[in-house]
Amino acid sequence: MTDATNSDVPGRPTHSLLKLDARTQRRRAAEARFQLYGKLAVAIGVLALLGLLASILANGASSFRQTHVTLDVFLDPAKLDKKGTGDIEKIKKVTTFGYKPLIQKAMVSAIETNGLDDQGMKAKTIAKMISPEAPATIRNYVIANPNQIGETISFKLLVTGRVDGYFKGRVTMASAELDRNISPEQLRLAEEMKDAGIMITGFNWGFLTMPDASDKRPEAAGLGVAILGSAYMMLVVLVLALPLGVAAAVYLEEFAPKNRLTDLIEVNISNLAAVPSIVFGILGLSVFINFAGLPQSAPIVGGLVLTLMTLPRIIIPARAALQAVPPSIREAALGVGASKMQTVFHHVLPLATPGILTGLIIGLGQALGESAPLLLIGMVAFVREYPGAPPEGLFDPAAALPVQVYSWTTRGDPAFFERASGAIIVLLVFLFLMNIIAIILRRRFERRW
Amino acid sequence: MSVGILTLVVLALALIGYVLARRRAVAAADGDARNLHSRTGYYGQLVFLFTSVPALLVMLVWLFLQPIIIENAVSSQIPDTAIPESGELSLVMSDVRRIAGGIDRLMQAEGINEDQLEIMTAEGGDMRARLGAVGVALGGEVHGDVFTAAKAYRQSQQTGTMAMSVVVIVLAAGFLAVSLSRIHKDLRARNISEAFVLTLLIGASLVAILTTIGIVLSLLFETYNFFQLYPWQDYFLSTTWNPQFTGGSDLGFIPLVWGTLYVSLVALIVSVPIGLMIAIYLAEYAGKKTRSIAKPAIEVLAGIPTIVYGLFALITIGPFIRDWIAQPTGLGDSSSSVLTAGLVMGIMLIPFVSSLSDDIINAVPQSLRDGSYGLGATQSETVKQVILPAALPGVVGAILLAASRAIGETMIVVMGAGAAAKMSLNPLEAMTTVTVKIVSQLTGDTEFASPETLVAFALGLTLFLFTLCLNVLALIIVRKYREQYE
């Protein structure tokens with residue numbers, strides 16, 4: 001910095017040493033700016049994470065609460081079993097449509113006995129506050145217990161998505177004015193019923209256990225089939241990807257000679273890890289469904305596709321785990337006369353197990369959240385039937401958690417958006433648990449040499 | 001015999017083989033295991049492997065081939081008259097399969113035995129209603145020939161499964177007997193079974209190659225079919241994308257590629273500076289405490305499934321951009337736009353860029369930094385003039401990998417970018433991408449004879465080649481220009 005000092009006595013600054021010259025000030029400012037950019041970038045990253053989680057939580061938390069109405073329904077024999085034969089086939093002939101008047105009556109009498117103001121609405125309008133799913137609930141009960149016909153039974157029935165949305169703040173009096181499906185009078189009555197303790201908003205177990213529901217009844221839509229389908233797929237991935245992945249990693253890391261074939265395999269694995277997931281969906285569609293004739297929407301196909309996708313993501317960490325085992329272990333085993341195979345399977349592999357399992361769990365987590373390839377193999381289909389028990393159940397149609405989220409976002413009713421965010425929360429909880437297990441495994445068993 | 005039971009039978013045979021082989025080996029050594037070449041377990045292992053592996057492999061291949069062979073045999077039986085006008089053989093075959101499945105249930109429900117089935121025809125009795133009663137809903141009346149074909153299908157399926165069970169069990173038992181009889185005192189059981197295991201390991205690592213071959217072949221095959229039906233010039237050069245399921249559609253891929261590249265560009269503009277700055281800050285400036293909080297938080301972003309980002313784009317970012325940017329400026333009025341998808345995808349890529357760059361920056365040796373500080377450079381000057389140039393090839397590689405991720409990303413663009421194929425410069429307009437169109441052309445009822453469906457495979461091949469090139473390029477850059485430090 002000799003050129004910076006320009007005074008009559010050479011080598012002697014003209015200003016105080018405590019005062020920075022312009023150039024140093026500039027450099028210091030640039031330094032501070034650069035640090036600020038870094039801090040900003042980190043802040044943006046953390047804020048993006050928080051914003052993402054906050055938005056999902058804010059939209060989805062309410063799907064874990066659901067409003068029910070408790071009604072004493074008289075199972076009228078004149079409607080359900082006209083001849084009084086008690087013949088189950090005859091009772092089954094009465095469709096859900098035949099159960100609607102029962103609910104309507106129950107609703108009106110509940111309002112009367114509690115002395116509520118019906119806001120001048122007709123009985124039919126009042127009954128519209130109850131979910132179209134409710135008649136099916138009662139019908140299923142009657143078919144299961146035909147001897148209860150003629151009795152008065154207390155049912156906990158779903159209310160429509162709009163009434164439910166009112167108690168969650170999604171629907172307001174102002175929006176009800178404009179809505180064909182709900183009126184402010186109905187909402188006022190709902191408010192009164194809540195005060196009277198007939199309508200209760202409680203934890204929504206049905207969201208976790210019930211199957212999907214049609215467009216008109218978002219309040220009845222649940223994740224039961226999707227959770228089961230995802231679990232089946234993870235089972236397939238676990239059963240196939242664990243042995244295949246570990247075997248491939250062991251071969252490449254411990255036995256493979258340096259030759260063309262090994263090179264080819266390694267390039268293939270690293271490439272497959274970077275192939276877009278949707279391409280695996282195309283593979284599944286054309287090979288497993290069109291060529292091999294496996295059924296659409298079946299967890300077995302989803303599981304196979306996810307296995308192929310996850311394999312490289314399991315092999316790579318498994319190889320790293322094997323590599324981390326120090327050569328001295330191998331040398332000691334070989335030195336006391338173990339064969340190469342014995343060395344690997346008796347000594348190296350057990351030591352690498354925690355690392356391999358960590359990679360496996362993270363790979364499974366990625367497979368659980370993957371949706372694009374599943375769209376192509378028909379997992380978006382509307383499935384209301386629970387799949388059977390494995391192994392046959394693997395061939396039954398099912399949904400998957402992330403795909404269920406997608407198919408709910410394509411529906412019209414805004415209540416489905418709430419459900420979609422709720423489903424995401426469920427998915428994230430599963431992923432969180434898997435990652436916690438992976439971290440514990442790593443902390444507990446990881447050894448450093 | 002179902003596949004599950006068959007597998008169990010084979011495994012049971014193999015276990016019996018294990019026990020018998022151990023006993024036989026000990027007996028062959030006159031009761032003293034020290035006289036044997038290998039430890040007794042290896043004799044058991046040998047027989048176990050020889051009994052189970054070939055039989056199970058044959059079963060797998062059989063399961064894969066049987067439907068194809070039966071399908072061909074049965075579909076050649078169906079006369080042309082049974083195929084309705086404007087219908088497809090594949091549609092008739094799917095009816096055949098469903099009726100064949102329904103016959104079993106029908107027999108159970110109505111108590112029909114095999115002989116009665118033999119003389120049963122579609123004309124005798126209302127077959128559609130009867131099948132409907134057992135849960136097989138059909139589109140139309142059951143044609144006589146179709147019903148015969150369904151019976152033949154069911155018959156050959158039963159024969160096939162029976163034959164498979166017999167072949168697999170005979171094979172397992174045969175190998176069991178042969179390998180048991182070969183056991184003697186000097187058999188090199190350990191060496192043989194280790195060679196066997198090694199073959200299995202090689203087989204497992206070949207799955208990766210098989211997957212790649214499967215991907216390439218299925219894409220090439222269907223793309224070839226597509227270009228048989230649709231001129232390639234139009235696919236590559238046409239600038240309109242307008243599929244019509246009645247035929248006569250325009251399937252030019254240029255607007256889709258435009259949308260893809262535009263969204264990816266926005267995503268990279270968001271993610272590269274932020275990701276890089278995060279990596280620099282965490283590697284060079286941040287104290288231990290900041291690092292221990294910020295690094296995992298950013299890595300959590302990487303572990304979040306893309307569907308979550310898609311939903312974020314759909315319900316939060318999209319409406320926000322529409323209400324606060326697009327509508328006030330009058331540049332657009334839809335909540336799905338290039339900016340929405342690009343922004344959210346950029347957030348998704350931040351951890352990807354930052355963790356890759358972090359590794360690269362940490363790989364630059366401390367001596368370079370020390371040298372720079374010794375010359376009086378500030379920390380930011382060191383980063384800008386020493387560390388980044390040294391890490392440049394790795395950073396470029398990371399950016400290319402991020403670009404390949406962005407191009408192949410599906411859920412965010414499906415939910416955030418829109419479905420209209422447009423070529424415009426306005427980032428607030430909805431555009432569509434290659435992946436969106438693959439999804440929309442292949443979901444729902446797909447029929448594999450129309451160019452509108454097959455175009456998805458051509459798009460898939462385009463996407464595959466695009467990302468492959470980017471990945472290979474990234475690899476080459478990193479390998480060729482990487483500075484080697486001691």
# chains A, B, ... in the order shown; residues from 1 in each chain; ligands from 1
call {"tool": "interface_residues", "arguments": {"of": "chain A", "to": "chain B", "cutoff": "6 Å", "atoms": "only C-alpha atoms", "output": "list in words"}}
result
Glu31, Gly38, Ala41, Val42, Leu244, Ala247, Ala248, Tyr251, Ile269, Pro276, Leu283, Ala292, Gly369 and Leu376 of chain A
call {"tool": "write_last_selection", "arguments": {"atoms": "C-alpha atoms", "output": "compact mmCIF listing (two decimals), in the first residue's frame"}}
result
# COMPACT_ATOMS: atom_id res chain seq x y z
CA GLU A 31 -16.69 -6.83 3.50
CA GLY A 38 -24.67 -14.11 3.33
CA ALA A 41 -29.38 -15.64 2.06
CA VAL A 42 -29.45 -17.79 5.19
CA LEU A 244 -30.81 -55.85 -3.74
CA ALA A 247 -25.93 -56.92 -2.31
CA ALA A 248 -25.07 -54.47 -5.08
CA TYR A 251 -20.28 -56.38 -4.64
CA ILE A 269 -26.15 -46.17 -10.76
CA PRO A 276 -36.28 -37.50 -13.24
CA LEU A 283 -41.09 -47.25 -17.25
CA ALA A 292 -46.34 -57.73 -17.79
CA GLY A 369 -43.07 -38.63 -0.55
CA LEU A 376 -48.78 -42.40 -14.35
call {"tool": "residues_around", "arguments": {"residues": "Phe416 (chain A)", "least_positions_apart": "3", "cutoff": "10 Å", "atoms": "only C-alpha atoms", "output": "ChimeraX atom specification"}}
result
/A:63,161,215,217-219,221,405,407-413,419-422
call {"tool": "write_last_selection", "arguments": {"atoms": "N, CA and C atoms", "output": "short mmCIF file (atom, residue, chain, number, x, y, z; two decimals), in the first residue's frame"}}
result
data_model
loop_
_atom_site.label_atom_id
_atom_site.label_comp_id
_atom_site.auth_asym_id
_atom_site.auth_seq_id
_atom_site.Cartn_x
_atom_site.Cartn_y
_atom_site.Cartn_z
N SER A 63 -58.17 -29.59 9.54
CA SER A 63 -58.76 -30.82 9.04
C SER A 63 -58.72 -31.92 10.09
N GLY A 161 -69.77 -29.94 4.77
CA GLY A 161 -68.49 -29.24 4.80
C GLY A 161 -68.64 -27.75 5.07
N ASP A 215 -66.87 -35.91 -4.69
CA ASP A 215 -66.77 -34.46 -4.80
C ASP A 215 -67.69 -33.69 -3.86
N ARG A 217 -68.97 -34.51 -0.91
CA ARG A 217 -68.94 -34.70 0.54
C ARG A 217 -67.51 -34.67 1.09
N PRO A 218 -66.87 -33.51 1.02
CA PRO A 218 -65.50 -33.42 1.52
C PRO A 218 -65.39 -33.77 3.00
N GLU A 219 -66.51 -33.56 3.76
CA GLU A 219 -66.42 -33.81 5.20
C GLU A 219 -66.20 -35.28 5.50
N ALA A 221 -64.27 -37.29 3.57
CA ALA A 221 -63.05 -37.80 2.94
C ALA A 221 -61.97 -38.05 3.99
N VAL A 405 -53.11 -36.24 -1.92
CA VAL A 405 -53.03 -34.78 -1.80
C VAL A 405 -53.30 -34.15 -3.16
N SER A 407 -54.85 -35.42 -5.79
CA SER A 407 -56.20 -35.57 -6.34
C SER A 407 -57.19 -34.71 -5.56
N TRP A 408 -56.93 -34.43 -4.29
CA TRP A 408 -57.83 -33.52 -3.57
C TRP A 408 -57.70 -32.08 -4.07
N THR A 409 -56.51 -31.69 -4.49
CA THR A 409 -56.38 -30.31 -4.96
C THR A 409 -57.06 -30.11 -6.31
N THR A 410 -57.38 -31.20 -7.02
CA THR A 410 -58.03 -31.01 -8.32
C THR A 410 -59.56 -30.94 -8.17
N ARG A 411 -60.07 -31.11 -6.95
CA ARG A 411 -61.53 -31.07 -6.77
C ARG A 411 -62.00 -29.63 -6.55
N GLY A 412 -63.30 -29.43 -6.76
CA GLY A 412 -63.82 -28.07 -6.73
C GLY A 412 -63.98 -27.47 -5.35
N ASP A 413 -64.53 -28.24 -4.40
CA ASP A 413 -64.89 -27.69 -3.09
C ASP A 413 -63.65 -27.23 -2.31
N ARG A 419 -58.32 -30.40 3.45
CA ARG A 419 -57.99 -31.81 3.62
C ARG A 419 -56.61 -32.11 3.03
N ALA A 420 -56.33 -31.49 1.86
CA ALA A 420 -55.03 -31.74 1.22
C ALA A 420 -53.90 -31.29 2.14
N SER A 421 -54.05 -30.09 2.74
CA SER A 421 -53.01 -29.62 3.65
C SER A 421 -52.91 -30.53 4.87
N GLY A 422 -54.07 -31.02 5.32
CA GLY A 422 -54.06 -31.95 6.45
C GLY A 422 -53.31 -33.22 6.10
#
call {"tool": "residues_around", "arguments": {"residues": "Val10 (chain B)", "least_positions_apart": "3", "cutoff": "7 Å", "atoms": "only C-alpha atoms", "output": "ChimeraX atom specification"}}
result
/B:6-7,13-14,52,169,172
call {"tool": "select_by_dssp", "arguments": {"residues": "region 175-382 of chain B", "states": "strand (DSSP E)", "output": "PyMOL selection string"}}
result
chain B and resi 241-242+250-251
call {"tool": "write_last_selection", "arguments": {"atoms": "C-alpha atoms", "output": "compact mmCIF listing (two decimals), in the first residue's frame"}}
result
# COMPACT_ATOMS: atom_id res chain seq x y z
CA TRP B 241 -49.48 -27.82 -29.02
CA ASN B 242 -53.13 -28.66 -29.32
CA ASP B 250 -50.95 -30.49 -33.31
CA LEU B 251 -48.21 -31.93 -31.17
call {"tool": "atom_distance", "arguments": {"atom1": "CA of Gly363 (chain A)", "atom2": "CA of Pro326 (chain A)"}}
result
24.8 Å
call {"tool": "atom_distance", "arguments": {"atom1": "CA of Arg128 (chain B)", "atom2": "CA of Ser76 (chain B)"}}
result
23.6 Å
call {"tool": "residues_around", "arguments": {"residues": "Ala363 (chain B)", "least_positions_apart": "3", "cutoff": "12 Å", "atoms": "only C-alpha atoms", "output": "list in words"}}
result
Ala283, Leu356, Ser357, Asp358, Asp359, Ile360, Gln366, Ser367, Leu368, Arg369, Ile387, Leu388, Ala390, Ala391, Leu392, Gly394, Val395, Arg482, Glu483, Gln484, Tyr485 and Glu486 of chain B
call {"tool": "write_last_selection", "arguments": {"atoms": "N, CA and C atoms", "output": "short mmCIF file (atom, residue, chain, number, x, y, z; two decimals), in the first residue's frame"}}
result
data_model
loop_
_atom_site.label_atom_id
_atom_site.label_comp_id
_atom_site.auth_asym_id
_atom_site.auth_seq_id
_atom_site.Cartn_x
_atom_site.Cartn_y
_atom_site.Cartn_z
N ALA B 283 -19.86 -21.76 5.35
CA ALA B 283 -18.52 -22.35 5.34
C ALA B 283 -17.47 -21.37 5.86
N LEU B 356 -24.34 -28.91 -2.16
CA LEU B 356 -23.29 -29.31 -3.10
C LEU B 356 -22.13 -28.31 -3.06
N SER B 357 -22.46 -26.99 -3.06
CA SER B 357 -21.41 -25.98 -3.05
C SER B 357 -20.64 -26.00 -1.74
N ASP B 358 -21.36 -26.29 -0.65
CA ASP B 358 -20.72 -26.35 0.66
C ASP B 358 -19.59 -27.37 0.65
N ASP B 359 -19.88 -28.56 0.11
CA ASP B 359 -18.85 -29.60 0.04
C ASP B 359 -17.65 -29.10 -0.76
N ILE B 360 -17.95 -28.43 -1.88
CA ILE B 360 -16.87 -28.01 -2.77
C ILE B 360 -16.02 -26.94 -2.10
N GLN B 366 -7.07 -25.14 3.24
CA GLN B 366 -6.90 -23.99 4.12
C GLN B 366 -5.69 -23.16 3.71
N SER B 367 -4.67 -23.81 3.14
CA SER B 367 -3.44 -23.09 2.81
C SER B 367 -3.70 -21.96 1.81
N LEU B 368 -4.67 -22.17 0.91
CA LEU B 368 -4.99 -21.12 -0.06
C LEU B 368 -5.56 -19.89 0.67
N ARG B 369 -6.44 -20.17 1.64
CA ARG B 369 -7.02 -19.07 2.41
C ARG B 369 -5.91 -18.35 3.18
N ILE B 387 -11.18 -18.43 -3.35
CA ILE B 387 -11.94 -19.66 -3.10
C ILE B 387 -12.88 -19.97 -4.26
N LEU B 388 -13.65 -18.95 -4.72
CA LEU B 388 -14.60 -19.23 -5.79
C LEU B 388 -13.91 -19.67 -7.07
N ALA B 390 -11.19 -21.27 -7.34
CA ALA B 390 -10.70 -22.63 -7.13
C ALA B 390 -11.86 -23.63 -7.15
N ALA B 391 -13.03 -23.17 -6.67
CA ALA B 391 -14.17 -24.09 -6.56
C ALA B 391 -15.06 -24.04 -7.80
N LEU B 392 -14.71 -23.21 -8.77
CA LEU B 392 -15.62 -22.94 -9.89
C LEU B 392 -16.12 -24.19 -10.63
N GLY B 394 -16.56 -27.20 -9.68
CA GLY B 394 -17.53 -27.89 -8.85
C GLY B 394 -18.83 -27.13 -8.77
N VAL B 395 -18.75 -25.81 -8.65
CA VAL B 395 -19.95 -25.00 -8.55
C VAL B 395 -20.74 -25.07 -9.86
N ARG B 482 -11.33 -30.14 -12.30
CA ARG B 482 -11.14 -30.10 -10.86
C ARG B 482 -9.66 -29.91 -10.52
N GLU B 483 -9.40 -28.98 -9.61
CA GLU B 483 -8.02 -28.78 -9.16
C GLU B 483 -7.71 -29.87 -8.16
N GLN B 484 -6.57 -30.49 -8.32
CA GLN B 484 -6.18 -31.52 -7.37
C GLN B 484 -5.24 -30.91 -6.35
N TYR B 485 -5.65 -30.97 -5.09
CA TYR B 485 -4.80 -30.44 -4.04
C TYR B 485 -4.23 -31.61 -3.26
N GLU B 486 -3.12 -31.35 -2.66
CA GLU B 486 -2.50 -32.41 -1.86
C GLU B 486 -3.37 -32.74 -0.67
#
call {"tool": "residues_around", "arguments": {"residues": "Pro387 (chain A)", "least_positions_apart": "5", "cutoff": "8 Å", "atoms": "only C-alpha atoms", "output": "PyMOL selection string"}}
result
chain A and resi 225+228-229+393-394+396-398
call {"tool": "write_last_selection", "arguments": {"atoms": "N, CA and C atoms", "output": "PDB file, in the first residue's frame"}}
result
ATOM      1  N   VAL A 225     -57.455 -45.344   3.033  1.00  0.00           N
ATOM      2  CA  VAL A 225     -56.958 -46.144   1.922  1.00  0.00           C
ATOM      3  C   VAL A 225     -55.566 -45.674   1.505  1.00  0.00           C
ATOM      4  N   LEU A 228     -52.901 -46.887   3.959  1.00  0.00           N
ATOM      5  CA  LEU A 228     -52.699 -48.316   3.767  1.00  0.00           C
ATOM      6  C   LEU A 228     -51.907 -48.581   2.479  1.00  0.00           C
ATOM      7  N   GLY A 229     -52.305 -47.874   1.393  1.00  0.00           N
ATOM      8  CA  GLY A 229     -51.609 -48.062   0.112  1.00  0.00           C
ATOM      9  C   GLY A 229     -50.156 -47.679   0.216  1.00  0.00           C
ATOM     10  N   GLY A 393     -53.565 -58.487  -1.232  1.00  0.00           N
ATOM     11  CA  GLY A 393     -53.981 -57.095  -1.196  1.00  0.00           C
ATOM     12  C   GLY A 393     -53.057 -56.181  -1.976  1.00  0.00           C
ATOM     13  N   LEU A 394     -51.828 -56.652  -2.233  1.00  0.00           N
ATOM     14  CA  LEU A 394     -50.888 -55.822  -2.990  1.00  0.00           C
ATOM     15  C   LEU A 394     -51.380 -55.612  -4.415  1.00  0.00           C
ATOM     16  N   ASP A 396     -54.692 -55.267  -5.141  1.00  0.00           N
ATOM     17  CA  ASP A 396     -55.949 -54.515  -5.132  1.00  0.00           C
ATOM     18  C   ASP A 396     -55.665 -53.046  -5.396  1.00  0.00           C
ATOM     19  N   PRO A 397     -56.638 -52.342  -5.988  1.00  0.00           N
ATOM     20  CA  PRO A 397     -56.414 -50.905  -6.181  1.00  0.00           C
ATOM     21  C   PRO A 397     -56.329 -50.178  -4.838  1.00  0.00           C
ATOM     22  N   ALA A 398     -55.457 -49.191  -4.782  1.00  0.00           N
ATOM     23  CA  ALA A 398     -55.319 -48.385  -3.566  1.00  0.00           C
ATOM     24  C   ALA A 398     -54.849 -47.004  -3.971  1.00  0.00           C
TER      25      ALA A 398
END
call {"tool": "residues_around", "arguments": {"residues": "region 425-440 of chain A", "least_positions_apart": "3", "cutoff": "8 Å", "atoms": "only C-alpha atoms", "output": "PyMOL selection string"}}
result
(chain A and resi 56-57+60-61+357-359+361-362+365+368-369+401-402+421-422+443-444) or (chain B and resi 304)
call {"tool": "select_by_dssp", "arguments": {"residues": "region 102-233 of chain B", "states": "alpha helix (DSSP H)", "output": "number ranges by chain"}}
result
B: 102-110, 114-119, 127-133, 144-181, 189-229, 232-233
call {"tool": "atom_distance", "arguments": {"atom1": "CA of Thr353 (chain A)", "atom2": "CA of Ser354 (chain B)"}}
result
28.8 Å
call {"tool": "closest_residue", "arguments": {"among": "A:Ile315, A:Val403, A:Leu47, A:Leu308", "to": "Leu375 (chain A)", "atoms": "only C-alpha atoms"}}
result
A:Val403
call {"tool": "closest_residue", "arguments": {"among": "B:Asn72, B:Gly397, B:Ile5, B:Asp333", "to": "Ile476 (chain B)", "atoms": "only C-alpha atoms"}}
result
B:Gly397
